[in-house]
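Data from data_22.cif: mmCIF, C-alpha atoms
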data_input
loop_
_atom_site.label_atom_id
_atom_site.label_comp_id
_atom_site.auth_asym_id
_atom_site.auth_seq_id
_atom_site.Cartn_x
_atom_site.Cartn_y
_atom_site.Cartn_z
CA MET A 977 -139.60 -56.46 63.76
CA LYS A 978 -136.77 -53.96 64.08
CA LYS A 979 -135.22 -52.69 60.86
CA THR A 980 -131.56 -53.02 59.98
CA ALA A 981 -129.62 -50.23 58.28
CA PHE A 982 -126.23 -50.36 56.59
CA ILE A 983 -124.39 -47.01 56.50
CA THR A 984 -121.25 -46.37 54.49
CA GLY A 985 -119.20 -43.42 55.70
CA CYS A 986 -120.63 -43.92 59.19
CA THR A 987 -117.67 -42.25 60.93
CA GLY A 988 -118.19 -38.93 59.13
CA GLN A 989 -120.46 -36.09 60.19
CA ASP A 990 -123.57 -37.36 58.40
CA GLY A 991 -122.90 -41.01 59.15
CA ALA A 992 -122.49 -40.39 62.88
CA LEU A 993 -125.64 -38.28 63.11
CA LEU A 994 -127.65 -40.74 61.02
CA SER A 995 -126.43 -43.67 63.12
CA ALA A 996 -127.61 -41.94 66.30
CA TYR A 997 -130.91 -40.98 64.65
CA LEU A 998 -131.66 -44.55 63.52
CA LEU A 999 -130.59 -46.08 66.83
CA GLY A 1000 -133.05 -43.71 68.46
CA LYS A 1001 -135.75 -45.21 66.26
CA GLY A 1002 -134.86 -48.74 67.35
CA TYR A 1003 -132.86 -49.79 64.28
CA TYR A 1004 -129.95 -52.18 64.20
CA VAL A 1005 -127.17 -50.17 62.57
CA HIS A 1006 -124.17 -51.58 60.71
CA GLY A 1007 -121.54 -49.05 59.71
CA LEU A 1008 -118.69 -49.30 57.21
CA LYS A 1009 -115.37 -47.80 58.30
CA ARG A 1010 -112.02 -47.65 56.56
CA ARG A 1011 -108.93 -49.16 58.14
CA SER A 1012 -106.64 -46.46 59.49
CA SER A 1013 -103.41 -46.51 61.49
CA SER A 1014 -104.85 -43.83 63.76
CA PRO A 1015 -108.30 -43.78 65.43
CA ASN A 1016 -111.05 -42.51 63.13
CA THR A 1017 -114.19 -43.39 65.09
CA GLU A 1018 -114.38 -40.43 67.50
CA ARG A 1019 -117.80 -39.38 66.25
CA VAL A 1020 -119.39 -42.79 66.88
CA ASP A 1021 -117.46 -44.22 69.84
CA HIS A 1022 -120.20 -43.13 72.25
CA LEU A 1023 -122.82 -44.95 70.17
CA TYR A 1024 -120.81 -48.15 70.18
CA GLN A 1025 -120.27 -47.95 73.93
CA ALA A 1026 -123.89 -47.08 74.71
CA THR A 1027 -125.28 -50.06 72.77
CA GLN A 1028 -122.98 -52.57 74.46
CA VAL A 1029 -124.63 -52.19 77.85
CA LYS A 1030 -128.08 -53.74 77.33
CA ASP A 1031 -128.93 -54.28 73.68
CA ARG A 1032 -126.14 -54.40 71.13
CA ARG A 1033 -127.51 -52.67 68.05
CA PHE A 1034 -124.50 -50.83 66.61
CA PHE A 1035 -121.83 -52.69 64.66
CA LEU A 1036 -118.76 -51.49 62.77
CA HIS A 1037 -117.20 -53.32 59.84
CA TYR A 1038 -113.94 -52.69 58.01
CA GLY A 1039 -114.38 -51.96 54.35
CA ASP A 1040 -113.88 -49.55 51.49
CA MET A 1041 -115.96 -48.33 48.58
CA THR A 1042 -113.17 -49.40 46.21
CA ASP A 1043 -113.50 -53.06 47.26
CA ALA A 1044 -116.45 -54.69 45.49
CA THR A 1045 -116.01 -58.18 46.98
CA ASN A 1046 -115.93 -56.75 50.50
CA LEU A 1047 -119.16 -54.81 49.91
CA LEU A 1048 -120.81 -57.87 48.39
CA ARG A 1049 -119.82 -60.05 51.35
CA LEU A 1050 -120.94 -57.53 53.99
CA LEU A 1051 -124.32 -56.89 52.38
CA ASN A 1052 -124.90 -60.62 52.06
CA GLU A 1053 -124.09 -61.11 55.76
CA VAL A 1054 -126.03 -58.12 57.10
CA ARG A 1055 -129.03 -58.33 54.69
CA PRO A 1056 -130.13 -54.78 55.58
CA ASP A 1057 -133.55 -53.27 55.04
CA GLU A 1058 -132.07 -49.87 54.25
CA ILE A 1059 -128.70 -48.78 52.82
CA TYR A 1060 -127.39 -45.24 53.15
CA ASN A 1061 -124.38 -44.54 50.96
CA LEU A 1062 -122.70 -41.56 52.61
CA ALA A 1063 -119.11 -42.59 51.87
CA ALA A 1064 -117.17 -40.26 49.60
CA GLN A 1065 -114.04 -38.28 49.01
CA SER A 1066 -116.14 -35.22 49.76
CA HIS A 1067 -113.69 -32.32 49.65
CA VAL A 1068 -114.11 -30.35 46.42
CA HIS A 1069 -110.65 -28.76 46.42
CA VAL A 1070 -108.95 -32.08 47.18
CA SER A 1071 -110.76 -33.67 44.24
CA PHE A 1072 -108.66 -31.57 41.85
CA GLU A 1073 -105.55 -33.10 43.40
CA THR A 1074 -106.88 -36.67 43.56
CA PRO A 1075 -109.34 -36.91 40.64
CA GLU A 1076 -108.82 -40.61 39.95
CA TYR A 1077 -109.31 -41.64 43.58
CA THR A 1078 -112.34 -39.35 43.82
CA ALA A 1079 -113.88 -41.01 40.76
CA ASN A 1080 -113.13 -44.49 42.12
CA VAL A 1081 -114.87 -43.81 45.44
CA ASP A 1082 -117.59 -41.32 44.51
CA ALA A 1083 -118.63 -42.71 41.10
CA MET A 1084 -117.63 -46.37 41.03
CA GLY A 1085 -118.40 -46.88 44.72
CA PRO A 1086 -122.16 -46.37 44.27
CA LEU A 1087 -122.06 -48.60 41.19
CA ARG A 1088 -120.50 -51.38 43.28
CA LEU A 1089 -123.30 -51.04 45.85
CA LEU A 1090 -125.98 -51.12 43.17
CA GLU A 1091 -124.41 -54.18 41.56
CA ALA A 1092 -124.31 -55.90 44.94
CA LEU A 1093 -128.00 -55.19 45.41
CA ARG A 1094 -128.77 -56.56 41.96
CA ILE A 1095 -126.60 -59.68 42.29
CA LEU A 1096 -127.81 -60.55 45.79
CA LYS A 1097 -131.41 -59.71 44.92
CA LEU A 1098 -131.66 -57.79 48.19
CA ASP A 1099 -135.04 -56.28 48.95
CA ALA A 1100 -133.41 -53.18 50.44
CA LYS A 1101 -134.01 -49.48 49.94
CA LEU A 1102 -130.94 -47.49 48.91
CA TYR A 1103 -130.21 -43.83 49.61
CA GLN A 1104 -127.47 -42.27 47.50
CA ALA A 1105 -125.96 -39.06 48.88
CA SER A 1106 -125.87 -36.55 46.06
CA THR A 1107 -124.79 -32.91 46.23
CA SER A 1108 -125.66 -29.37 45.21
CA GLU A 1109 -122.23 -29.23 43.53
CA LEU A 1110 -123.92 -31.00 40.61
CA TYR A 1111 -125.40 -27.66 39.57
CA GLY A 1112 -122.11 -25.77 39.33
CA ASN A 1113 -122.69 -22.44 37.63
CA SER A 1114 -125.69 -23.62 35.61
CA GLY A 1115 -127.46 -20.28 36.02
CA PRO A 1116 -131.00 -20.58 37.44
CA CYS A 1117 -131.26 -20.00 41.17
CA PRO A 1118 -132.72 -21.44 43.36
CA GLN A 1119 -131.93 -24.90 42.01
CA SER A 1120 -134.51 -27.69 42.04
CA GLU A 1121 -134.73 -31.28 40.82
CA THR A 1122 -135.33 -30.01 37.27
CA THR A 1123 -132.42 -27.55 37.13
CA PRO A 1124 -129.75 -28.60 34.58
CA PHE A 1125 -126.53 -30.00 36.01
CA ALA A 1126 -123.17 -28.38 35.20
CA PRO A 1127 -120.48 -29.85 37.50
CA CYS A 1128 -117.36 -27.74 38.01
CA SER A 1129 -115.01 -30.18 39.77
CA PRO A 1130 -113.87 -33.82 39.66
CA TYR A 1131 -115.91 -34.33 42.85
CA ALA A 1132 -119.11 -32.99 41.29
CA THR A 1133 -118.51 -34.91 38.05
CA ALA A 1134 -118.05 -38.18 39.95
CA LYS A 1135 -121.20 -37.46 41.93
CA LEU A 1136 -123.04 -36.81 38.67
CA TYR A 1137 -122.21 -40.33 37.52
CA ALA A 1138 -123.43 -41.67 40.87
CA TYR A 1139 -126.68 -39.73 40.50
CA TRP A 1140 -127.42 -41.07 37.02
CA ILE A 1141 -126.33 -44.66 37.68
CA THR A 1142 -128.64 -44.72 40.71
CA LEU A 1143 -131.53 -43.51 38.59
CA ASN A 1144 -130.57 -45.93 35.81
CA TYR A 1145 -130.57 -48.98 38.11
CA ARG A 1146 -133.89 -47.85 39.54
CA GLN A 1147 -135.42 -47.80 36.08
CA ALA A 1148 -133.66 -50.86 34.68
CA TYR A 1149 -133.95 -53.26 37.62
CA GLY A 1150 -136.79 -51.85 39.71
CA LEU A 1151 -134.55 -51.07 42.70
CA HIS A 1152 -135.82 -48.77 45.43
CA ALA A 1153 -132.87 -46.42 44.91
CA SER A 1154 -133.16 -42.69 45.60
CA ASN A 1155 -130.93 -39.64 45.34
CA GLY A 1156 -130.86 -36.91 47.98
CA ILE A 1157 -129.46 -33.72 46.45
CA LEU A 1158 -128.28 -32.10 49.64
CA PHE A 1159 -127.08 -28.54 49.81
CA ASN A 1160 -124.39 -27.59 52.33
CA HIS A 1161 -125.21 -28.92 55.79
CA GLU A 1162 -123.02 -28.37 58.81
CA SER A 1163 -122.69 -29.12 62.53
CA PRO A 1164 -120.02 -29.20 65.24
CA LEU A 1165 -119.10 -32.63 63.83
CA ARG A 1166 -118.03 -31.16 60.49
CA ALA A 1167 -114.39 -31.95 59.63
CA GLN A 1168 -111.99 -29.06 60.15
CA THR A 1169 -110.91 -29.01 56.49
CA PHE A 1170 -114.33 -27.66 55.45
CA VAL A 1171 -114.61 -23.89 55.35
CA THR A 1172 -117.40 -23.57 57.93
CA ARG A 1173 -115.60 -25.61 60.56
CA LYS A 1174 -112.30 -23.99 59.68
CA ILE A 1175 -113.89 -20.60 60.37
CA THR A 1176 -115.49 -21.51 63.71
CA GLN A 1177 -112.43 -23.38 64.91
CA GLU A 1178 -110.01 -20.56 64.04
CA VAL A 1179 -112.28 -17.89 65.50
CA ALA A 1180 -112.45 -19.94 68.71
CA LYS A 1181 -108.64 -20.08 68.74
CA ILE A 1182 -108.52 -16.30 68.33
CA TYR A 1183 -110.90 -16.05 71.29
CA HIS A 1184 -108.57 -18.23 73.39
CA GLY A 1185 -105.47 -16.38 72.21
CA THR A 1186 -103.87 -19.37 70.47
CA SER A 1187 -104.24 -17.83 67.00
CA ASP A 1188 -104.63 -14.34 65.62
CA CYS A 1189 -105.52 -14.69 61.95
CA LEU A 1190 -107.86 -16.70 59.74
CA TYR A 1191 -106.77 -17.46 56.15
CA LEU A 1192 -109.50 -17.96 53.54
CA GLY A 1193 -110.12 -18.08 49.79
CA ASN A 1194 -113.24 -16.81 48.03
CA LEU A 1195 -115.19 -14.67 50.53
CA ASN A 1196 -117.99 -13.98 48.05
CA ALA A 1197 -119.02 -17.57 47.33
CA LYS A 1198 -122.69 -18.00 48.31
CA ARG A 1199 -124.00 -21.25 49.75
CA ASP A 1200 -127.26 -22.61 51.14
CA TRP A 1201 -126.09 -23.65 54.61
CA GLY A 1202 -128.41 -25.81 56.71
CA HIS A 1203 -127.94 -28.04 59.73
CA ALA A 1204 -126.81 -31.64 59.26
CA GLN A 1205 -129.40 -32.83 61.79
CA ASP A 1206 -132.18 -31.56 59.51
CA ALA A 1207 -130.46 -33.18 56.55
CA ILE A 1208 -130.30 -36.67 58.04
CA GLU A 1209 -134.01 -36.54 58.91
CA GLY A 1210 -134.62 -35.78 55.24
CA MET A 1211 -132.50 -38.76 54.19
CA TRP A 1212 -134.57 -41.06 56.38
CA ARG A 1213 -137.84 -39.64 55.06
CA ILE A 1214 -136.71 -40.23 51.47
CA VAL A 1215 -136.04 -43.91 52.19
CA GLN A 1216 -139.44 -44.35 53.88
CA GLN A 1217 -141.34 -43.45 50.71
CA ALA A 1218 -143.31 -46.21 49.01
CA GLN A 1219 -141.76 -45.22 45.68
CA PRO A 1220 -138.15 -44.12 45.13
CA GLY A 1221 -137.35 -40.65 43.87
CA ASP A 1222 -134.88 -37.79 43.81
CA TYR A 1223 -135.17 -34.86 46.22
CA VAL A 1224 -133.46 -31.55 46.90
CA LEU A 1225 -132.92 -30.89 50.61
CA ALA A 1226 -132.09 -27.23 51.28
CA THR A 1227 -133.11 -24.18 53.30
CA GLY A 1228 -133.86 -21.90 50.35
CA GLN A 1229 -131.59 -19.18 51.73
CA SER A 1230 -127.99 -18.50 50.79
CA HIS A 1231 -125.22 -16.61 52.57
CA THR A 1232 -121.70 -15.60 51.57
CA VAL A 1233 -118.58 -16.95 53.22
CA ARG A 1234 -118.02 -13.33 54.27
CA SER A 1235 -121.34 -13.31 56.14
CA PHE A 1236 -120.45 -16.58 57.88
CA VAL A 1237 -117.14 -15.08 59.00
CA GLU A 1238 -118.74 -11.89 60.31
CA LEU A 1239 -121.36 -13.84 62.24
CA ALA A 1240 -118.75 -16.17 63.75
CA PHE A 1241 -116.62 -13.22 64.93
CA SER A 1242 -119.70 -11.52 66.37
CA HIS A 1243 -119.95 -14.42 68.85
CA ILE A 1244 -116.63 -13.37 70.39
CA ASP A 1245 -117.57 -9.67 70.27
CA ILE A 1246 -115.22 -8.75 67.42
CA PRO A 1247 -116.84 -6.55 64.76
CA ILE A 1248 -115.11 -6.92 61.39
CA ILE A 1249 -114.43 -4.19 58.82
CA TRP A 1250 -113.03 -4.97 55.37
CA GLU A 1251 -110.25 -3.23 53.49
CA GLY A 1252 -108.71 -3.75 50.06
CA GLU A 1253 -109.83 -5.91 47.17
CA GLY A 1254 -109.18 -9.35 45.75
CA LEU A 1255 -106.12 -11.13 47.09
CA HIS A 1256 -105.21 -8.02 49.08
CA GLU A 1257 -108.46 -7.81 51.03
CA LEU A 1258 -108.16 -7.81 54.82
CA GLY A 1259 -110.59 -8.19 57.68
CA ARG A 1260 -109.76 -5.98 60.69
CA HIS A 1261 -111.08 -5.64 64.21
CA ALA A 1262 -113.28 -2.55 63.89
CA HIS A 1263 -112.00 -1.11 67.18
CA THR A 1264 -108.36 -2.19 67.50
CA GLY A 1265 -107.44 -2.34 63.82
CA LYS A 1266 -105.83 -5.76 64.25
CA VAL A 1267 -105.93 -7.94 61.12
CA HIS A 1268 -107.88 -11.14 61.77
CA ILE A 1269 -108.67 -12.28 58.19
CA ARG A 1270 -106.34 -12.58 55.21
CA ILE A 1271 -106.79 -14.03 51.74
CA ASP A 1272 -104.64 -16.98 50.70
CA PRO A 1273 -104.71 -17.95 46.99
CA ARG A 1274 -104.11 -21.60 47.92
CA TYR A 1275 -107.72 -21.80 49.06
CA PHE A 1276 -109.26 -20.80 45.73
CA ARG A 1277 -110.67 -23.61 43.62
CA PRO A 1278 -109.36 -24.03 40.05
CA ASN A 1279 -112.99 -23.68 38.92
CA GLU A 1280 -115.14 -21.69 41.35
CA VAL A 1281 -118.87 -22.25 41.94
CA HIS A 1282 -120.34 -18.86 42.74
CA HIS A 1283 -123.90 -19.32 44.02
CA LEU A 1284 -125.88 -22.33 45.23
CA CYS A 1285 -129.36 -22.08 46.74
CA GLY A 1286 -131.88 -24.90 46.84
CA ASP A 1287 -135.60 -25.17 46.22
CA ALA A 1288 -136.91 -27.98 48.45
CA SER A 1289 -140.57 -27.58 47.45
CA LYS A 1290 -140.83 -31.22 46.34
CA ALA A 1291 -139.44 -32.47 49.66
CA ARG A 1292 -141.83 -30.24 51.59
CA ARG A 1293 -144.77 -31.46 49.53
CA GLU A 1294 -144.03 -35.20 49.27
CA LEU A 1295 -141.91 -35.91 52.35
CA GLY A 1296 -143.40 -33.43 54.79
CA TRP A 1297 -139.83 -32.26 55.38
CA SER A 1298 -138.66 -28.77 56.20
CA PRO A 1299 -135.53 -27.43 57.88
CA ARG A 1300 -135.97 -26.41 61.50
CA ILE A 1301 -132.60 -24.90 62.45
CA ARG A 1302 -131.82 -21.41 61.17
CA PHE A 1303 -128.46 -20.28 59.79
CA GLU A 1304 -127.83 -18.04 62.80
CA GLU A 1305 -128.53 -20.92 65.20
CA LEU A 1306 -126.18 -23.18 63.25
CA VAL A 1307 -123.26 -20.75 63.47
CA ALA A 1308 -123.95 -20.13 67.15
CA GLU A 1309 -123.96 -23.88 67.89
CA MET A 1310 -120.69 -24.44 66.02
CA MET A 1311 -119.02 -21.47 67.73
CA LYS A 1312 -120.15 -22.62 71.18
CA ALA A 1313 -118.85 -26.14 70.55
CA ASP A 1314 -115.43 -24.97 69.34
CA ILE A 1315 -115.03 -22.47 72.16
CA GLU A 1316 -115.84 -25.23 74.66
CA LYS A 1317 -113.36 -27.58 72.97
CA GLY A 1318 -110.73 -24.89 73.35
CA LEU A 1319 -111.50 -24.59 77.05
CA ARG A 1320 -111.05 -28.35 77.46
CA GLY A 1321 -107.97 -28.38 75.27
CA ALA A 1322 -109.68 -30.98 73.12
CA CYS A 1323 -108.71 -31.78 69.56
CA ALA A 1324 -111.23 -31.37 66.78
CA PRO A 1325 -112.55 -34.58 65.20
#
Would it be possible to restate this file's structure as structure tokens?
Amino acid sequence: MKKTAFITGCTGQDGALLSAYLLGKGYYVHGLKRRSSSPNTERVDHLYQATQVKDRRFFLHYGDMTDATNLLRLLNEVRPDEIYNLAAQSHVHVSFETPEYTANVDAMGPLRLLEALRILKLDAKLYQASTSELYGNSGPCPQSETTPFAPCSPYATAKLYAYWITLNYRQAYGLHASNGILFNHESPLRAQTFVTRKITQEVAKIYHGTSDCLYLGNLNAKRDWGHAQDAIEGMWRIVQQAQPGDYVLATGQSHTVRSFVELAFSHIDIPIIWEGEGLHELGRHAHTGKVHIRIDPRYFRPNEVHHLCGDASKARRELGWSPRIRFEELVAEMMKADIEKGLRGACAP
């Protein structure tokens, strides 16, 4: 019998990739999407259209993580075998501006799902999307499942509640509920407000002559950047385990924002040299002297996280999971996609 999955946040990067991945495995996939006055399903429209031809296996439902009765009704109707909670207000900087909303979606949202599971007595496995932001500036690096948490933003603090309430419901009610502590994972589907996509999109615009300068915040922040396609395979593997658990998914290598920028510019044959310090630092074309990177204080977080790098030893050992796509391949793929979008005059998702 084919399995049924319920995915919250299915129109985002991870949700779209996971939907395609599960459909490829023969699942029926039900996705939760928020009502919007403008189209917000660009990443999954092709999946919906493809499954209408012969075997309809992809379904979209209106809903929101702040609406408990809606979640309860949908789960009762769908009765899924697996639930992937990927919905979140996931932008760290924005969480400082909308802390209450972030807490309502990112902390209380998972609680509403867990309560629905408990009330309905659903025999479903739940995956809760956690984040490396839990670690903040806790010190030890690389970070593993046993590293202390020290969240540095409303987003990370809300996700910390989600992490612990998932573990609590697992222990208290015997739910198959697991946390995936994912480090940064990117793809051409990443939203343009995230620094990686902002970089590749702006560099592509510079290549096409529609922009000349990229504005960034902290160039020295170090992150463990992997590919989202590797990440969603890890999510699925976590849910397939006989026993629930908590797993770090990461590459084990970290790179600075500065390195990401230099690599992106190298794909359009612009070598970058740096001048100045702090807010006055500039990135120039090494040959022409033209300024292509400037620092904008608006893009600094109120509380910066300096270095995140994950230790995925447990996932390698227990899940048989390991990342396949290297950092350099990730940047190249994102640059190629944004350059091609520029050639077509397409808008970013």
**Item:** All residues 8 Å or closer to A:Ile1214, all atoms listed in the file, same chain fewer than 4 positions away omitted, as a list in words
**Value:** Tyr1103, Ser1154, Gly1156, Gly1210, Pro1220, Gly1221, Tyr1223 and Leu1295 of chain A
**Request:** Apply the PyMOL selection byres ((chain A and resi 1107) around 9) to the structure shown and report the selected residues as a list of chain:residue names.
**Result:**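 Taken over the shown coordinates, the PyMOL selection byres ((chain A and resi 1107) around 9) returns A:Ala1105, A:Ser1106, A:Ser1108, A:Glu1109, A:Leu1110, A:Tyr1111, A:Ala1132, A:Lys1135, A:Leu1136, A:Gly1156, A:Ile1157, A:Leu1158, A:Phe1159, A:Asn1160, A:Val1224.
With only C-alpha atoms as the atoms that count, the minimum distance from A:His1037 to the choices A:Gln1147, A:Thr984, A:Asn1080, A:Asn1052 is reached by A:Thr984.
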Going by the chain IDs and residue numbers used in this file, which residues fall under the PyMOL selection byres ((chain A and resi 1213) around 10)? Write them as a short mmCIF file (atom, residue, chain, number, x, y, z; two decimals) with C-alpha atoms, in the frame of the given file.
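Saved the output as out-v9.cif:
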data_model
loop_
_atom_site.label_atom_id
_atom_site.label_comp_id
_atom_site.auth_asym_id
_atom_site.auth_seq_id
_atom_site.Cartn_x
_atom_site.Cartn_y
_atom_site.Cartn_z
CA ALA A 1207 -130.46 -33.18 56.55
CA ILE A 1208 -130.30 -36.67 58.04
CA GLU A 1209 -134.01 -36.54 58.91
CA GLY A 1210 -134.62 -35.78 55.24
CA MET A 1211 -132.50 -38.76 54.19
CA TRP A 1212 -134.57 -41.06 56.38
CA ILE A 1214 -136.71 -40.23 51.47
CA VAL A 1215 -136.04 -43.91 52.19
CA GLN A 1216 -139.44 -44.35 53.88
CA GLN A 1217 -141.34 -43.45 50.71
CA ALA A 1291 -139.44 -32.47 49.66
CA GLU A 1294 -144.03 -35.20 49.27
CA LEU A 1295 -141.91 -35.91 52.35
CA GLY A 1296 -143.40 -33.43 54.79
CA TRP A 1297 -139.83 -32.26 55.38
#
**Request:** For each of A:His1069, A:Arg1088, A:Lys1317, A:Arg1166, take the minimum atom-to-atom distance to A:Asp1043, counting all atoms listed in the file, then give the residue where this is smallest.
**Result:**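 Nearest candidate to A:Asp1043 out of A:His1069, A:Arg1088, A:Lys1317, A:Arg1166: A:Arg1088.
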Sorted by chain and rising residue number, which residues of stretch 1097-1206 of chain A lie within 12 Å of stretch 1073-1076 of chain A, and what are their closest atom pairs and distances in Å to one decimal, counting all atoms listed in the file, as CSV?
residue,atom,partner,partner_atom,distance
A:Ser1129,CA,A:Pro1075,CA,8.8
A:Pro1130,CA,A:Pro1075,CA,5.6
A:Tyr1131,CA,A:Pro1075,CA,7.4
A:Ala1132,CA,A:Pro1075,CA,10.5
A:Thr1133,CA,A:Pro1075,CA,9.7
A:Ala1134,CA,A:Pro1075,CA,8.8
A:Lys1135,CA,A:Pro1075,CA,11.9
**Message:** Please report the interatomic distance between atom CA of A:Gly1002 and atom CA of A:Asp990 in Å with one decimal.
**Reply:**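 Taking atom CA of A:Gly1002 and atom CA of A:Asp990, their separation equals 18.4 Å.
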**Message:** If the PyMOL selection byres ((chain A and resi 1008) around 6) were run on this exact file, what residues would it hold? Put them as a PyMOL selection string.
**Reply:** chain A and resi 984+1007+1009+1036-1039
**Contacts of stretch 1176-1178 of chain A at 8 Å (all atoms listed in the file; same-chain gap of 5+ positions) as a list in words** =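 Close residues of stretch 1176-1178 of chain A: Gln1168, Ser1187, Cys1189, Leu1190, Ala1240, Val1307, Met1310, Met1311, Asp1314 and Ile1315 of chain A.
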**Asked** By how many Å are atom CA of A:Ala1288 and atom CA of A:His1161 apart?
**Response**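 Atom-to-atom, atom CA of A:Ala1288 to atom CA of A:His1161, that is 13.8 Å.
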**Request:** Give the answer as one residue: which of A:Pro1299, A:His1231, A:Leu1192, A:Gln1119 has the shortest atom-to-atom distance to A:His1256, using all atoms listed in the file?
**Result:**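 Going through A:Pro1299, A:His1231, A:Leu1192, A:Gln1119 one by one, the smallest distance to A:His1256 is for A:Leu1192.
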**Request:** For atom CA of A:Asn1196 and atom CA of A:Arg1277, quote the distance in Å rounded to one decimal.
**Result:**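 Atom-to-atom, atom CA of A:Asn1196 to atom CA of A:Arg1277, that is 12.9 Å.
Nearest-residue note for A:Lys1312: choosing from A:Ala1180, A:Ile1271, A:Leu1102, A:Ile1059, the minimum distance belongs to A:Ala1180, counting all atoms listed in the file.
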**Request:** Might you pull out every residue within 9 Å of A:Ala992, with only C-alpha atoms counted and same-chain residues fewer than 3 positions away left off, and present them as a list in words?
**Result:**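 Skipping anything fewer than 3 positions along the chain leaves Gly985, Cys986, Thr987, Gly988, Gln989, Ser995, Ala996, Tyr997, Arg1019, Val1020, Leu1023 and Leu1165 of chain A.
Of the residues listed (A:Ala1308, A:Ile1248, A:Leu1098, A:Ala1092), A:Leu1098 shows the shortest atom-to-atom separation from A:Arg1055; distances use all atoms listed in the file.
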**Asked** Smallest atom-to-atom distance to A:Leu1284: which of A:His1203, A:His1268, A:His1263, A:Lys1198, using only C-alpha atoms?
**Response** A:Lys1198
**Item:** Contacts of A:Glu1253 within 12 Å, only C-alpha atoms, excl. fewer than 4 positions in-chain, as a list in words
**Value:** Asn1194, Leu1195, Asn1196, Glu1257, Leu1258, Gly1259, Arg1270 and Ile1271 of chain A
Using N, CA and C atoms, give me stretch 1145-1160 of chain A from the structure I just pasted, as a PDB file, in the first residue's frame.
ATOM      1  N   TYR A1145       6.775  15.235  23.986  1.00  0.00           N
ATOM      2  CA  TYR A1145       5.620  14.447  23.564  1.00  0.00           C
ATOM      3  C   TYR A1145       6.029  13.027  23.176  1.00  0.00           C
ATOM      4  N   ARG A1146       7.231  12.897  22.660  1.00  0.00           N
ATOM      5  CA  ARG A1146       7.756  11.563  22.343  1.00  0.00           C
ATOM      6  C   ARG A1146       7.882  10.731  23.617  1.00  0.00           C
ATOM      7  N   GLN A1147       8.407  11.340  24.653  1.00  0.00           N
ATOM      8  CA  GLN A1147       8.614  10.624  25.911  1.00  0.00           C
ATOM      9  C   GLN A1147       7.312  10.413  26.682  1.00  0.00           C
ATOM     10  N   ALA A1148       6.443  11.436  26.665  1.00  0.00           N
ATOM     11  CA  ALA A1148       5.239  11.381  27.482  1.00  0.00           C
ATOM     12  C   ALA A1148       4.140  10.513  26.876  1.00  0.00           C
ATOM     13  N   TYR A1149       4.020  10.554  25.533  1.00  0.00           N
ATOM     14  CA  TYR A1149       2.894   9.887  24.884  1.00  0.00           C
ATOM     15  C   TYR A1149       3.318   8.793  23.914  1.00  0.00           C
ATOM     16  N   GLY A1150       4.609   8.535  23.808  1.00  0.00           N
ATOM     17  CA  GLY A1150       5.068   7.459  22.940  1.00  0.00           C
ATOM     18  C   GLY A1150       4.926   7.754  21.462  1.00  0.00           C
ATOM     19  N   LEU A1151       4.886   9.044  21.081  1.00  0.00           N
ATOM     20  CA  LEU A1151       4.769   9.408  19.672  1.00  0.00           C
ATOM     21  C   LEU A1151       6.077   9.156  18.936  1.00  0.00           C
ATOM     22  N   HIS A1152       5.968   8.770  17.681  1.00  0.00           N
ATOM     23  CA  HIS A1152       7.157   8.656  16.832  1.00  0.00           C
ATOM     24  C   HIS A1152       7.426  10.057  16.288  1.00  0.00           C
ATOM     25  N   ALA A1153       8.076  10.884  17.105  1.00  0.00           N
ATOM     26  CA  ALA A1153       8.327  12.283  16.774  1.00  0.00           C
ATOM     27  C   ALA A1153       9.822  12.554  16.870  1.00  0.00           C
ATOM     28  N   SER A1154      10.397  13.027  15.777  1.00  0.00           N
ATOM     29  CA  SER A1154      11.846  13.208  15.686  1.00  0.00           C
ATOM     30  C   SER A1154      12.197  14.639  15.296  1.00  0.00           C
ATOM     31  N   ASN A1155      13.364  15.078  15.740  1.00  0.00           N
ATOM     32  CA  ASN A1155      13.907  16.381  15.353  1.00  0.00           C
ATOM     33  C   ASN A1155      15.074  16.200  14.392  1.00  0.00           C
ATOM     34  N   GLY A1156      15.061  16.962  13.301  1.00  0.00           N
ATOM     35  CA  GLY A1156      16.222  17.034  12.424  1.00  0.00           C
ATOM     36  C   GLY A1156      16.884  18.385  12.616  1.00  0.00           C
ATOM     37  N   ILE A1157      18.081  18.389  13.194  1.00  0.00           N
ATOM     38  CA  ILE A1157      18.803  19.650  13.418  1.00  0.00           C
ATOM     39  C   ILE A1157      19.622  19.926  12.164  1.00  0.00           C
ATOM     40  N   LEU A1158      19.012  20.644  11.257  1.00  0.00           N
ATOM     41  CA  LEU A1158      19.646  20.879   9.954  1.00  0.00           C
ATOM     42  C   LEU A1158      20.473  22.155   9.963  1.00  0.00           C
ATOM     43  N   PHE A1159      21.684  22.029   9.462  1.00  0.00           N
ATOM     44  CA  PHE A1159      22.515  23.203   9.247  1.00  0.00           C
ATOM     45  C   PHE A1159      22.113  23.815   7.901  1.00  0.00           C
ATOM     46  N   ASN A1160      22.685  24.953   7.572  1.00  0.00           N
ATOM     47  CA  ASN A1160      22.243  25.689   6.381  1.00  0.00           C
ATOM     48  C   ASN A1160      22.250  24.792   5.151  1.00  0.00           C
TER      49      ASN A1160
END
